[in-house]
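Pasted below: query-v9.tsv, TSV, C-alpha atoms and all ligand atoms.
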chain	number	residue	atom	x	y	z
N	1	MET	CA	-36.69	28.02	105.24
N	2	GLN	CA	-40.27	28.59	104.09
N	3	GLN	CA	-41.20	31.30	101.62
N	4	LEU	CA	-44.66	32.81	101.18
N	5	THR	CA	-45.76	35.63	98.88
N	6	VAL	CA	-48.03	38.56	99.55
N	7	ASP	CA	-49.63	38.77	96.13
N	8	LEU	CA	-50.21	42.43	95.30
N	9	GLY	CA	-49.32	42.63	91.61
N	10	GLU	CA	-46.23	44.76	91.05
N	11	ARG	CA	-46.04	45.43	94.80
N	12	SER	CA	-45.89	41.71	95.67
N	13	TYR	CA	-43.22	40.68	98.15
N	14	PRO	CA	-41.82	37.58	99.82
N	15	ILE	CA	-42.05	36.55	103.46
N	16	TYR	CA	-39.05	34.41	104.45
N	17	ILE	CA	-39.59	32.27	107.57
N	18	GLY	CA	-36.84	30.25	109.21
N	19	SER	CA	-34.26	30.01	111.96
N	20	GLU	CA	-31.04	32.08	111.88
N	21	LEU	CA	-32.07	34.21	108.89
N	22	LEU	CA	-30.79	37.55	110.25
N	23	GLN	CA	-27.25	36.81	109.09
N	24	LYS	CA	-28.24	35.81	105.56
N	25	THR	CA	-26.96	38.48	103.18
N	26	ASP	CA	-28.58	36.80	100.18
N	27	LEU	CA	-32.07	37.31	101.63
N	28	PHE	CA	-31.60	41.07	101.99
N	29	ALA	CA	-29.48	41.92	98.95
N	30	PRO	CA	-32.11	41.44	96.20
N	31	HIS	CA	-34.43	43.88	98.01
N	32	ILE	CA	-31.94	46.72	98.46
N	33	SER	CA	-31.89	49.23	95.64
N	34	SER	CA	-28.65	51.17	96.32
N	35	ARG	CA	-25.57	50.99	98.55
N	36	ARG	CA	-27.23	52.99	101.32
N	37	VAL	CA	-29.25	51.38	104.11
N	38	ALA	CA	-30.52	52.70	107.44
N	39	ILE	CA	-31.10	50.08	110.11
N	40	VAL	CA	-33.65	51.28	112.66
N	41	CYS	CA	-34.10	49.39	115.92
N	42	ASN	CA	-34.57	50.20	119.60
N	43	GLU	CA	-32.38	50.16	122.67
N	44	THR	CA	-33.57	46.66	123.69
N	45	VAL	CA	-33.19	44.97	120.32
N	46	ALA	CA	-29.90	46.67	119.37
N	47	PRO	CA	-27.66	44.78	121.82
N	48	LEU	CA	-29.36	41.50	120.90
N	49	TYR	CA	-29.54	41.51	117.10
N	50	LEU	CA	-28.07	44.64	115.52
N	51	ASP	CA	-24.61	43.11	114.93
N	52	ARG	CA	-26.07	40.19	112.99
N	53	VAL	CA	-27.98	42.46	110.63
N	54	LYS	CA	-24.99	44.79	110.28
N	55	HIS	CA	-22.92	41.77	109.34
N	56	ALA	CA	-25.49	40.63	106.77
N	57	LEU	CA	-25.41	44.11	105.23
N	58	ALA	CA	-21.62	44.52	105.45
N	59	GLU	CA	-21.42	45.38	101.74
N	60	ASN	CA	-23.74	48.37	102.28
N	61	GLU	CA	-23.05	51.83	103.63
N	62	GLN	CA	-24.98	51.78	106.92
N	63	THR	CA	-26.64	54.34	109.15
N	64	VAL	CA	-27.88	52.98	112.47
N	65	ILE	CA	-30.75	54.69	114.29
N	66	VAL	CA	-31.58	53.45	117.78
N	67	LEU	CA	-34.93	54.60	119.19
N	68	PRO	CA	-36.31	54.48	122.73
N	69	ASP	CA	-38.26	51.29	123.43
N	70	GLY	CA	-42.00	51.11	124.04
N	71	GLU	CA	-45.51	51.74	122.79
N	72	GLN	CA	-45.48	55.06	124.67
N	73	HIS	CA	-42.82	56.26	122.22
N	74	LYS	CA	-44.85	55.43	119.10
N	75	HIS	CA	-45.49	59.08	118.28
N	76	TRP	CA	-44.31	62.09	116.24
N	77	GLU	CA	-41.22	62.91	118.29
N	78	THR	CA	-39.77	59.41	117.84
N	79	LEU	CA	-40.63	59.41	114.15
N	80	GLN	CA	-38.72	62.66	113.87
N	81	LEU	CA	-35.59	60.88	115.21
N	82	ILE	CA	-35.71	58.60	112.15
N	83	PHE	CA	-35.91	61.59	109.79
N	84	ASP	CA	-33.11	63.32	111.76
N	85	GLY	CA	-30.84	60.30	111.25
N	86	LEU	CA	-31.66	59.97	107.55
N	87	LEU	CA	-31.14	63.66	106.81
N	88	ALA	CA	-27.99	63.97	108.91
N	89	ASP	CA	-26.42	61.20	106.78
N	90	ARG	CA	-27.97	62.60	103.59
N	91	HIS	CA	-29.94	59.55	102.57
N	92	ASP	CA	-31.52	59.90	99.15
N	93	ARG	CA	-34.60	58.39	97.53
N	94	LYS	CA	-32.83	55.13	96.71
N	95	THR	CA	-32.05	54.30	100.32
N	96	THR	CA	-33.57	51.27	102.05
N	97	LEU	CA	-34.78	51.33	105.65
N	98	ILE	CA	-34.48	48.14	107.70
N	99	ALA	CA	-37.05	47.84	110.50
N	100	LEU	CA	-35.43	45.57	113.08
N	101	GLY	CA	-37.69	44.95	116.08
N	102	GLY	CA	-41.26	44.42	117.16
N	103	GLY	CA	-44.46	45.94	115.87
N	104	VAL	CA	-43.75	49.38	117.30
N	105	ILE	CA	-40.52	49.65	115.29
N	106	GLY	CA	-42.10	48.07	112.21
N	107	ASP	CA	-45.10	50.42	112.21
N	108	MET	CA	-42.96	53.53	112.77
N	109	VAL	CA	-40.23	52.65	110.27
N	110	GLY	CA	-42.84	51.72	107.68
N	111	PHE	CA	-44.50	55.10	108.15
N	112	ALA	CA	-41.13	56.88	107.99
N	113	ALA	CA	-40.41	55.00	104.75
N	114	ALA	CA	-43.78	56.09	103.35
N	115	CYS	CA	-43.03	59.75	104.15
N	116	TYR	CA	-39.28	60.21	103.67
N	117	GLN	CA	-38.74	62.01	100.36
N	118	ARG	CA	-42.31	60.87	99.49
N	119	GLY	CA	-41.46	57.20	99.79
N	120	VAL	CA	-38.39	54.97	100.04
N	121	ASN	CA	-38.03	51.19	100.22
N	122	PHE	CA	-38.07	49.27	103.49
N	123	ILE	CA	-37.63	45.72	104.73
N	124	GLN	CA	-39.44	44.34	107.76
N	125	VAL	CA	-37.29	42.24	110.11
N	126	PRO	CA	-39.76	41.42	112.91
N	127	THR	CA	-38.36	40.05	116.17
N	128	THR	CA	-41.47	39.54	118.33
N	129	LEU	CA	-44.05	36.83	117.75
N	130	LEU	CA	-46.73	39.49	117.32
N	131	SER	CA	-44.80	41.29	114.62
N	132	GLN	CA	-43.86	38.01	112.91
N	133	VAL	CA	-47.46	36.81	112.62
N	134	ASP	CA	-49.19	40.12	112.05
N	135	SER	CA	-47.76	43.63	111.99
N	136	SER	CA	-44.85	43.07	109.57
N	137	VAL	CA	-47.18	41.73	106.87
N	138	GLY	CA	-49.75	43.78	104.98
N	139	GLY	CA	-48.39	47.32	104.92
N	140	LYS	CA	-50.26	49.02	107.74
N	141	THR	CA	-47.87	51.59	109.17
N	142	GLY	CA	-48.31	54.47	111.58
N	143	ILE	CA	-48.13	56.05	115.00
N	144	ASN	CA	-50.50	56.69	117.90
N	145	HIS	CA	-52.28	59.92	118.83
N	146	PRO	CA	-53.17	60.64	122.49
N	147	LEU	CA	-56.83	60.41	121.43
N	148	GLY	CA	-56.58	57.20	119.47
N	149	LYS	CA	-54.39	54.23	118.67
N	150	ASN	CA	-52.68	54.07	115.24
N	151	MET	CA	-54.69	57.06	114.07
N	152	ILE	CA	-51.93	58.61	111.93
N	153	GLY	CA	-50.43	56.42	109.23
N	154	ALA	CA	-50.32	55.04	105.72
N	155	PHE	CA	-50.77	51.82	103.80
N	156	TYR	CA	-47.24	51.19	102.57
N	157	GLN	CA	-45.89	47.76	101.67
N	158	PRO	CA	-42.35	46.56	102.42
N	159	GLN	CA	-40.00	45.02	99.84
N	160	ALA	CA	-39.66	41.85	101.92
N	161	VAL	CA	-40.31	40.39	105.37
N	162	VAL	CA	-37.46	38.42	106.95
N	163	ILE	CA	-38.71	36.36	109.92
N	164	ASP	CA	-35.94	34.81	111.99
N	165	THR	CA	-37.73	32.50	114.42
N	166	ALA	CA	-34.54	32.15	116.50
N	167	THR	CA	-35.08	35.70	117.80
N	168	LEU	CA	-38.04	34.42	119.83
N	169	ALA	CA	-35.61	32.72	122.23
N	170	THR	CA	-34.94	36.06	123.96
N	171	LEU	CA	-38.54	37.27	124.00
N	172	PRO	CA	-40.03	37.75	127.50
N	173	PRO	CA	-42.88	35.26	128.16
N	174	ARG	CA	-45.41	38.08	128.46
N	175	GLU	CA	-44.53	39.24	124.93
N	176	LEU	CA	-44.78	35.67	123.62
N	177	SER	CA	-48.30	35.45	125.02
N	178	ALA	CA	-49.18	38.81	123.45
N	179	GLY	CA	-48.19	37.40	120.06
N	180	LEU	CA	-50.26	34.28	120.65
N	181	ALA	CA	-53.35	36.50	120.91
N	182	GLU	CA	-53.01	37.40	117.22
N	183	VAL	CA	-52.32	33.75	116.32
N	184	ILE	CA	-55.54	32.69	118.09
N	185	LYS	CA	-57.33	35.49	116.23
N	186	TYR	CA	-56.58	33.82	112.87
N	187	GLY	CA	-58.15	30.57	114.06
N	188	LEU	CA	-61.24	32.34	115.35
N	189	ILE	CA	-61.86	34.47	112.25
N	190	TYR	CA	-60.71	32.24	109.40
N	191	ASP	CA	-59.70	28.69	110.11
N	192	ALA	CA	-61.54	26.40	112.53
N	193	ASP	CA	-59.04	23.57	111.89
N	194	PHE	CA	-56.17	25.87	112.90
N	195	LEU	CA	-58.14	26.74	116.04
N	196	THR	CA	-58.35	23.05	116.91
N	197	TRP	CA	-54.61	22.66	116.17
N	198	LEU	CA	-53.92	25.56	118.56
N	199	GLU	CA	-55.99	23.89	121.29
N	200	GLN	CA	-53.90	20.75	120.87
N	201	ASN	CA	-50.54	22.52	120.66
N	202	MET	CA	-50.72	25.55	122.95
N	203	GLN	CA	-48.34	23.98	125.48
N	204	ARG	CA	-45.74	23.37	122.74
N	205	LEU	CA	-46.04	26.98	121.60
N	206	MET	CA	-45.70	28.28	125.15
N	207	SER	CA	-42.51	26.26	125.60
N	208	LEU	CA	-41.04	27.58	122.32
N	209	ASP	CA	-41.15	24.26	120.48
N	210	GLU	CA	-39.48	25.22	117.21
N	211	GLN	CA	-41.60	23.06	114.92
N	212	ALA	CA	-44.87	24.20	116.48
N	213	LEU	CA	-43.85	27.87	116.38
N	214	SER	CA	-42.76	27.66	112.75
N	215	TYR	CA	-46.07	26.10	111.77
N	216	ALA	CA	-48.09	28.70	113.73
N	217	ILE	CA	-46.12	31.59	112.17
N	218	GLU	CA	-46.39	30.15	108.69
N	219	ARG	CA	-50.13	29.49	108.95
N	220	SER	CA	-50.76	32.95	110.44
N	221	CYS	CA	-48.74	34.70	107.72
N	222	ALA	CA	-50.46	32.63	105.02
N	223	ILE	CA	-53.90	33.63	106.29
N	224	LYS	CA	-52.91	37.27	106.57
N	225	ALA	CA	-51.32	37.26	103.10
N	226	GLU	CA	-54.48	35.71	101.63
N	227	ILE	CA	-56.71	38.35	103.21
N	228	VAL	CA	-54.44	41.30	102.34
N	229	ALA	CA	-54.13	40.13	98.73
N	230	GLN	CA	-57.92	40.34	98.42
N	231	ASP	CA	-58.37	43.66	100.21
N	232	GLU	CA	-55.14	45.61	100.67
N	233	ARG	CA	-56.71	48.88	101.86
N	234	GLU	CA	-59.42	47.44	104.06
N	235	ALA	CA	-62.43	48.24	101.90
N	236	GLY	CA	-64.16	45.19	103.36
N	237	LEU	CA	-62.75	41.73	104.16
N	238	ARG	CA	-59.47	42.90	105.75
N	239	ALA	CA	-61.37	44.44	108.66
N	240	ILE	CA	-61.96	40.91	110.05
N	241	LEU	CA	-58.30	40.98	111.11
N	242	ASN	CA	-59.47	43.41	113.78
N	243	LEU	CA	-61.38	40.85	115.87
N	244	GLY	CA	-61.25	42.12	119.45
N	245	HIS	CA	-59.34	45.24	118.39
N	246	THR	CA	-62.20	47.74	118.75
N	247	PHE	CA	-62.60	46.76	122.40
N	248	GLY	CA	-58.82	46.26	122.74
N	249	HIS	CA	-57.83	49.66	121.36
N	250	ALA	CA	-60.27	51.23	123.85
N	251	ILE	CA	-58.47	49.38	126.66
N	252	GLU	CA	-55.01	50.41	125.39
N	253	THR	CA	-55.98	54.07	124.99
N	254	GLU	CA	-57.83	54.31	128.31
N	255	GLN	CA	-55.15	52.54	130.33
N	256	GLY	CA	-52.31	54.57	128.75
N	257	TYR	CA	-50.19	53.21	125.88
N	258	GLY	CA	-47.89	50.46	127.12
N	259	ALA	CA	-49.78	49.62	130.34
N	260	TRP	CA	-51.59	46.75	128.62
N	261	LEU	CA	-49.62	45.16	125.79
N	262	HIS	CA	-51.42	45.34	122.43
N	263	GLY	CA	-51.86	41.54	122.37
N	264	GLU	CA	-53.20	41.52	125.94
N	265	ALA	CA	-55.79	44.16	125.12
N	266	VAL	CA	-56.76	42.25	121.96
N	267	ALA	CA	-57.11	39.06	124.04
N	268	ALA	CA	-59.60	40.61	126.48
N	269	GLY	CA	-61.23	42.34	123.49
N	270	MET	CA	-61.67	38.99	121.72
N	271	VAL	CA	-63.48	37.61	124.77
N	272	MET	CA	-65.83	40.61	124.56
N	273	ALA	CA	-66.34	40.04	120.80
N	274	LEU	CA	-67.08	36.35	121.45
N	275	GLN	CA	-69.63	37.29	124.10
N	276	MET	CA	-71.23	39.89	121.82
N	277	SER	CA	-71.46	37.25	119.05
N	278	CYS	CA	-73.10	34.92	121.58
N	279	LEU	CA	-75.57	37.57	122.79
N	280	LEU	CA	-76.62	38.01	119.15
N	281	GLY	CA	-77.22	34.26	118.87
N	282	ASN	CA	-74.39	33.63	116.34
N	283	ILE	CA	-72.33	31.31	118.51
N	284	SER	CA	-73.09	29.24	121.61
N	285	ASP	CA	-72.01	29.58	125.26
N	286	VAL	CA	-69.87	26.51	124.65
N	287	ASP	CA	-68.06	28.30	121.80
N	288	VAL	CA	-67.42	31.30	124.05
N	289	GLN	CA	-66.00	29.07	126.78
N	290	ARG	CA	-63.80	27.30	124.19
N	291	GLY	CA	-62.37	30.64	123.10
N	292	ILE	CA	-61.82	31.79	126.69
N	293	ARG	CA	-60.06	28.52	127.58
N	294	LEU	CA	-57.62	28.86	124.66
N	295	ILE	CA	-56.87	32.54	125.33
N	296	ARG	CA	-56.27	31.68	128.99
N	297	GLN	CA	-54.00	28.77	128.08
N	298	ALA	CA	-51.88	31.27	126.17
N	299	GLY	CA	-51.32	33.18	129.42
N	300	LEU	CA	-53.46	36.11	128.35
N	301	PRO	CA	-56.00	38.26	130.21
N	302	VAL	CA	-59.63	37.30	129.56
N	303	VAL	CA	-61.31	40.03	131.62
N	304	PRO	CA	-61.25	43.74	130.68
N	305	PRO	CA	-59.98	46.22	133.31
N	306	ALA	CA	-62.48	46.50	136.18
N	307	THR	CA	-61.96	50.27	136.21
N	308	MET	CA	-63.39	50.75	132.71
N	309	SER	CA	-67.05	51.78	132.51
N	310	VAL	CA	-69.42	51.34	129.58
N	311	ALA	CA	-69.02	55.08	128.89
N	312	ASP	CA	-65.22	54.72	128.80
N	313	PHE	CA	-65.48	51.98	126.21
N	314	LEU	CA	-68.02	53.84	124.08
N	315	GLN	CA	-65.99	57.04	124.11
N	316	HIS	CA	-62.91	55.30	122.69
N	317	MET	CA	-64.80	52.97	120.38
N	318	ALA	CA	-66.38	56.04	118.78
N	319	VAL	CA	-63.00	56.97	117.20
N	320	ASP	CA	-62.27	53.52	115.74
N	321	LYS	CA	-61.06	53.59	112.12
N	322	LYS	CA	-63.67	51.05	111.02
N	323	ASN	CA	-66.57	53.33	111.97
N	324	VAL	CA	-68.72	54.80	109.20
N	325	ASP	CA	-71.05	57.76	109.72
N	326	GLY	CA	-70.57	57.64	113.48
N	327	LYS	CA	-71.74	53.99	113.82
N	328	ILE	CA	-69.43	51.64	115.66
N	329	ARG	CA	-68.59	48.71	113.38
N	330	LEU	CA	-67.59	45.50	115.09
N	331	VAL	CA	-65.90	42.30	114.00
N	332	LEU	CA	-68.11	39.47	115.24
N	333	LEU	CA	-68.16	35.73	114.69
N	334	GLU	CA	-70.83	34.00	112.64
N	335	GLN	CA	-69.33	30.73	113.83
N	336	LEU	CA	-65.91	29.66	115.09
N	337	GLY	CA	-63.62	30.14	112.09
N	338	ARG	CA	-65.84	32.67	110.29
N	339	ALA	CA	-66.09	36.41	110.98
N	340	VAL	CA	-68.25	39.28	109.78
N	341	VAL	CA	-67.88	43.07	110.10
N	342	THR	CA	-71.10	44.82	110.98
N	343	SER	CA	-72.73	47.85	112.51
N	344	ASP	CA	-76.08	46.10	112.29
N	345	TYR	CA	-76.77	45.12	115.90
N	346	PRO	CA	-79.16	46.46	118.54
N	347	ALA	CA	-77.52	49.18	120.68
N	348	ASN	CA	-78.79	47.50	123.84
N	349	VAL	CA	-76.86	44.32	122.98
N	350	LEU	CA	-73.62	46.29	122.81
N	351	GLN	CA	-74.54	47.89	126.16
N	352	GLN	CA	-75.15	44.42	127.59
N	353	CYS	CA	-71.82	43.17	126.21
N	354	LEU	CA	-69.94	46.14	127.70
N	355	SER	CA	-71.58	45.80	131.11
N	356	GLU	CA	-71.21	41.98	131.29
N	357	ASP	CA	-69.66	40.49	134.45
N	358	TYR	CA	-66.64	38.98	132.71
N	359	GLY	CA	-65.19	37.77	136.00
N	360	ALA	CA	-68.25	35.55	136.43
N	361	LEU	CA	-68.22	34.46	132.77
N	362	VAL	CA	-64.62	33.35	133.05
N	363	GLY	CA	-65.19	31.88	136.51
N	364	MET	CA	-67.53	29.32	134.94
N	365	GLN	CA	-64.38	27.38	133.97
N	366	ASP	CA	-62.92	27.27	137.49
Z	401	LIG	P1	-43.11	45.96	120.67
Z	401	LIG	O1	-42.64	46.35	119.35
Z	401	LIG	O2	-43.26	47.00	121.70
Z	401	LIG	O3	-42.16	44.80	121.22
Z	401	LIG	C1	-42.41	44.27	122.50
Z	401	LIG	C2	-41.15	44.33	123.38
Z	401	LIG	O4	-40.25	43.29	123.01
Z	401	LIG	C3	-40.37	45.62	123.27
Z	401	LIG	O5	-39.85	45.95	124.53
Z	401	LIG	C4	-39.23	45.24	122.33
Z	401	LIG	O6	-38.10	46.05	122.47
Z	401	LIG	C5	-38.95	43.83	122.79
Z	401	LIG	N1	-38.34	42.94	121.82
Z	401	LIG	C6	-38.53	42.91	120.48
Z	401	LIG	N2	-37.93	41.82	119.98
Z	401	LIG	C7	-37.34	41.17	121.00
Z	401	LIG	C8	-36.60	39.98	121.11
Z	401	LIG	N3	-36.40	39.18	120.06
Z	401	LIG	N4	-36.11	39.62	122.31
Z	401	LIG	C9	-36.37	40.39	123.41
Z	401	LIG	N5	-37.11	41.50	123.39
Z	401	LIG	C10	-37.59	41.89	122.18
Z	401	LIG	O7	-44.54	45.23	120.58
Z	401	LIG	P2	-45.16	44.18	119.56
Z	401	LIG	O8	-46.09	43.36	120.36
Z	401	LIG	O9	-44.14	43.53	118.73
Z	401	LIG	O10	-46.01	45.11	118.58
Z	401	LIG	C11	-47.10	45.86	119.05
Z	401	LIG	C12	-47.35	46.99	118.09
Z	401	LIG	O11	-47.71	46.47	116.82
Z	401	LIG	C13	-48.49	47.90	118.51
Z	401	LIG	O12	-48.08	49.23	118.37
Z	401	LIG	C14	-49.59	47.57	117.53
Z	401	LIG	O13	-50.43	48.67	117.29
Z	401	LIG	C15	-48.83	47.18	116.32
Z	401	LIG	N6	-49.55	46.31	115.40
Z	401	LIG	C16	-49.56	46.66	114.10
Z	401	LIG	C17	-50.18	45.84	113.18
Z	401	LIG	C18	-50.11	46.18	111.72
Z	401	LIG	O14	-50.81	45.54	110.93
Z	401	LIG	N7	-49.31	47.13	111.34
Z	401	LIG	C19	-50.80	44.66	113.60
Z	401	LIG	C20	-50.78	44.34	114.95
Z	401	LIG	C21	-50.12	45.17	115.84
Z	402	LIG	N1	-53.66	43.94	112.04
Z	402	LIG	C1	-54.77	44.25	111.21
Z	402	LIG	C2	-54.42	44.43	109.78
Z	402	LIG	O1	-53.30	44.32	109.38
Z	402	LIG	O2	-55.30	44.71	108.99

Show me, as structure tokens, the structure contained in the file I just sent.
Amino acid sequence: MQQLTVDLGERSYPIYIGSELLQKTDLFAPHISSRRVAIVCNETVAPLYLDRVKHALAENEQTVIVLPDGEQHKHWETLQLIFDGLLADRHDRKTTLIALGGGVIGDMVGFAAACYQRGVNFIQVPTTLLSQVDSSVGGKTGINHPLGKNMIGAFYQPQAVVIDTATLATLPPRELSAGLAEVIKYGLIYDADFLTWLEQNMQRLMSLDEQALSYAIERSCAIKAEIVAQDEREAGLRAILNLGHTFGHAIETEQGYGAWLHGEAVAAGMVMALQMSCLLGNISDVDVQRGIRLIRQAGLPVVPPATMSVADFLQHMAVDKKNVDGKIRLVLLEQLGRAVVTSDYPANVLQQCLSEDYGALVGMQD
């Protein structure tokens, strides 16, 4: 087992990474403050992994809350089900919530933990690749609004993150690819050597090679922990973790939550961010093609939906959380492995990026 730390002073916490960790009582126990726990998962994850976590927490008095599955349920009504379960069983301020599932569960349970009785402890137990490399680390929690993705939420850190890599064995291939989008993101924004490693090892990752997956998860979490430790509340640096997300959130919102997976939308969004960086002269055509090739190798979409117009994109991008004074701020690359957040670009270049023929751009590789 590997252990990393998210270094946030008195709110620091460990990330445990390894195979078959769900059953390990001794990983959970030090982070639980009273006898009471509430395990929150969804109807897909419950039959797969709930028993293992219940077993690990056998010494605790347990409430189990099973939510409907899917991004389309990441809203107020589902959040209310968590509060219903906690209040029905009279959980107090010392209770600990256990978020067992993917990023949707993690984000909602984290937000419920931030709100319930003005804040209770929670542990992230992520079971998708995306949640293991990204959403479970760093304390961003929240729900969607019909007008914008993740628009209601709180920064609220967990007590620990328990990553059991064995859970990836049951993950559908499409979800594995969605997680790889965020892994590729770390290479593009922060670590050119990791990007090269990903180019050399994508096949191993796609075939669930345990060693390769462990390394990719560990490196991704280490990068995220390093960034979050420097800028927990996204005053500056942390925003680079949103490469492709401004375009991607527009795709997710326009297409209807759940139609495109978050990682798929981010993948197509990263291609758009690469192209925008190229149009501004920061990176070369060759760099763009390198990024597209890797994203494609991961089984991800590289072309935004044909039905989305420039106006559709601009309408959704206008409500992005990074925006300041109505100006759309974008994460762009200065070079492969180094990102910048800026609203300092000519409006016509963004127009050009949004109206690009991505089919043709991608076709250059065929
Ligand atoms: P998800 O939570 O919807 O999980 C994907 C699917 O896999 C679901 O159907 C789920 O039930 C199923 N599943 C989960 N674990 C499984 C397993 N081991 N085996 C089989 N099926 C399993 O989606 P996700 O990709 O994990 O997370 C996406 C969400 O994360 C989005 O809402 C996004 O906004 C959010 N997110 C948050 C952050 C953050 O910093 N908080 C970062 C990135 C993404
Ligand atoms: N996923 C972006 C962040 O955590 O900041």

(message) Which residue is closest to ligand LIG 401 (chain Z)? Choose from N:Leu274, N:Ala166, N:Leu147, N:Ala38 and count only C-alpha atoms and all ligand atoms.
(response) N:Ala166

(message) Calculated over all atoms listed in the file, which of the candidates N:His249, N:Arg233, N:Lys185, N:Arg118 has the smallest distance to Val271 of chain N?
(response) N:Lys185

Give the residues close to ligand LIG 401 (chain Z), within 8 Å, counting only C-alpha atoms and all ligand atoms; write them as a PDB file with C-alpha atoms, keeping the file's coordinate frame.
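Output (selection-v2.pdb):
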ATOM      1  CA  ASN N  42     -34.570  50.200 119.600  1.00  0.00           C
ATOM      2  CA  GLU N  43     -32.380  50.160 122.670  1.00  0.00           C
ATOM      3  CA  THR N  44     -33.570  46.660 123.690  1.00  0.00           C
ATOM      4  CA  VAL N  45     -33.190  44.970 120.320  1.00  0.00           C
ATOM      5  CA  LEU N  48     -29.360  41.500 120.900  1.00  0.00           C
ATOM      6  CA  TYR N  49     -29.540  41.510 117.100  1.00  0.00           C
ATOM      7  CA  ASP N  69     -38.260  51.290 123.430  1.00  0.00           C
ATOM      8  CA  GLY N  70     -42.000  51.110 124.040  1.00  0.00           C
ATOM      9  CA  GLU N  71     -45.510  51.740 122.790  1.00  0.00           C
ATOM     10  CA  LYS N  74     -44.850  55.430 119.100  1.00  0.00           C
ATOM     11  CA  GLY N 101     -37.690  44.950 116.080  1.00  0.00           C
ATOM     12  CA  GLY N 102     -41.260  44.420 117.160  1.00  0.00           C
ATOM     13  CA  GLY N 103     -44.460  45.940 115.870  1.00  0.00           C
ATOM     14  CA  VAL N 104     -43.750  49.380 117.300  1.00  0.00           C
ATOM     15  CA  ILE N 105     -40.520  49.650 115.290  1.00  0.00           C
ATOM     16  CA  GLY N 106     -42.100  48.070 112.210  1.00  0.00           C
ATOM     17  CA  ASP N 107     -45.100  50.420 112.210  1.00  0.00           C
ATOM     18  CA  PRO N 126     -39.760  41.420 112.910  1.00  0.00           C
ATOM     19  CA  THR N 127     -38.360  40.050 116.170  1.00  0.00           C
ATOM     20  CA  THR N 128     -41.470  39.540 118.330  1.00  0.00           C
ATOM     21  CA  LEU N 129     -44.050  36.830 117.750  1.00  0.00           C
ATOM     22  CA  LEU N 130     -46.730  39.490 117.320  1.00  0.00           C
ATOM     23  CA  SER N 131     -44.800  41.290 114.620  1.00  0.00           C
ATOM     24  CA  ASP N 134     -49.190  40.120 112.050  1.00  0.00           C
ATOM     25  CA  SER N 135     -47.760  43.630 111.990  1.00  0.00           C
ATOM     26  CA  SER N 136     -44.850  43.070 109.570  1.00  0.00           C
ATOM     27  CA  VAL N 137     -47.180  41.730 106.870  1.00  0.00           C
ATOM     28  CA  GLY N 138     -49.750  43.780 104.980  1.00  0.00           C
ATOM     29  CA  GLY N 139     -48.390  47.320 104.920  1.00  0.00           C
ATOM     30  CA  LYS N 140     -50.260  49.020 107.740  1.00  0.00           C
ATOM     31  CA  THR N 141     -47.870  51.590 109.170  1.00  0.00           C
ATOM     32  CA  GLY N 142     -48.310  54.470 111.580  1.00  0.00           C
ATOM     33  CA  ILE N 143     -48.130  56.050 115.000  1.00  0.00           C
ATOM     34  CA  ASN N 144     -50.500  56.690 117.900  1.00  0.00           C
ATOM     35  CA  LYS N 149     -54.390  54.230 118.670  1.00  0.00           C
ATOM     36  CA  ASN N 150     -52.680  54.070 115.240  1.00  0.00           C
ATOM     37  CA  THR N 167     -35.080  35.700 117.800  1.00  0.00           C
ATOM     38  CA  LEU N 168     -38.040  34.420 119.830  1.00  0.00           C
ATOM     39  CA  ALA N 169     -35.610  32.720 122.230  1.00  0.00           C
ATOM     40  CA  THR N 170     -34.940  36.060 123.960  1.00  0.00           C
ATOM     41  CA  LEU N 171     -38.540  37.270 124.000  1.00  0.00           C
ATOM     42  CA  PRO N 172     -40.030  37.750 127.500  1.00  0.00           C
ATOM     43  CA  GLU N 175     -44.530  39.240 124.930  1.00  0.00           C
ATOM     44  CA  ALA N 178     -49.180  38.810 123.450  1.00  0.00           C
ATOM     45  CA  GLY N 179     -48.190  37.400 120.060  1.00  0.00           C
ATOM     46  CA  GLU N 182     -53.010  37.400 117.220  1.00  0.00           C
ATOM     47  CA  GLY N 258     -47.890  50.460 127.120  1.00  0.00           C
ATOM     48  CA  LEU N 261     -49.620  45.160 125.790  1.00  0.00           C
ATOM     49  CA  HIS N 262     -51.420  45.340 122.430  1.00  0.00           C
ATOM     50  CA  GLY N 263     -51.860  41.540 122.370  1.00  0.00           C
TER      51      GLY N 263
END

Compile the contact shell of Val53 of chain N as an mmCIF file with C-alpha atoms, keeping the file's coordinate frame: residues with an atom at most 9 Å away, counting all atoms listed in the file, same-chain residues fewer than 3 positions apart removed.
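The resulting file, part32.cif, is shown below:
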data_model
loop_
_atom_site.group_PDB
_atom_site.id
_atom_site.type_symbol
_atom_site.label_atom_id
_atom_site.label_comp_id
_atom_site.auth_asym_id
_atom_site.auth_seq_id
_atom_site.Cartn_x
_atom_site.Cartn_y
_atom_site.Cartn_z
ATOM 1 C CA LEU N 22 -30.790 37.550 110.250
ATOM 2 C CA GLN N 23 -27.250 36.810 109.090
ATOM 3 C CA LYS N 24 -28.240 35.810 105.560
ATOM 4 C CA THR N 25 -26.960 38.480 103.180
ATOM 5 C CA ILE N 39 -31.100 50.080 110.110
ATOM 6 C CA TYR N 49 -29.540 41.510 117.100
ATOM 7 C CA LEU N 50 -28.070 44.640 115.520
ATOM 8 C CA ALA N 56 -25.490 40.630 106.770
ATOM 9 C CA LEU N 57 -25.410 44.110 105.230
ATOM 10 C CA ALA N 58 -21.620 44.520 105.450
ATOM 11 C CA LEU N 100 -35.430 45.570 113.080
#

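Shortest atom-to-atom contact with Leu205 of chain N among N:Ile189, N:Ile98, N:Leu180, N:Val340: N:Leu180, counting all atoms listed in the file.
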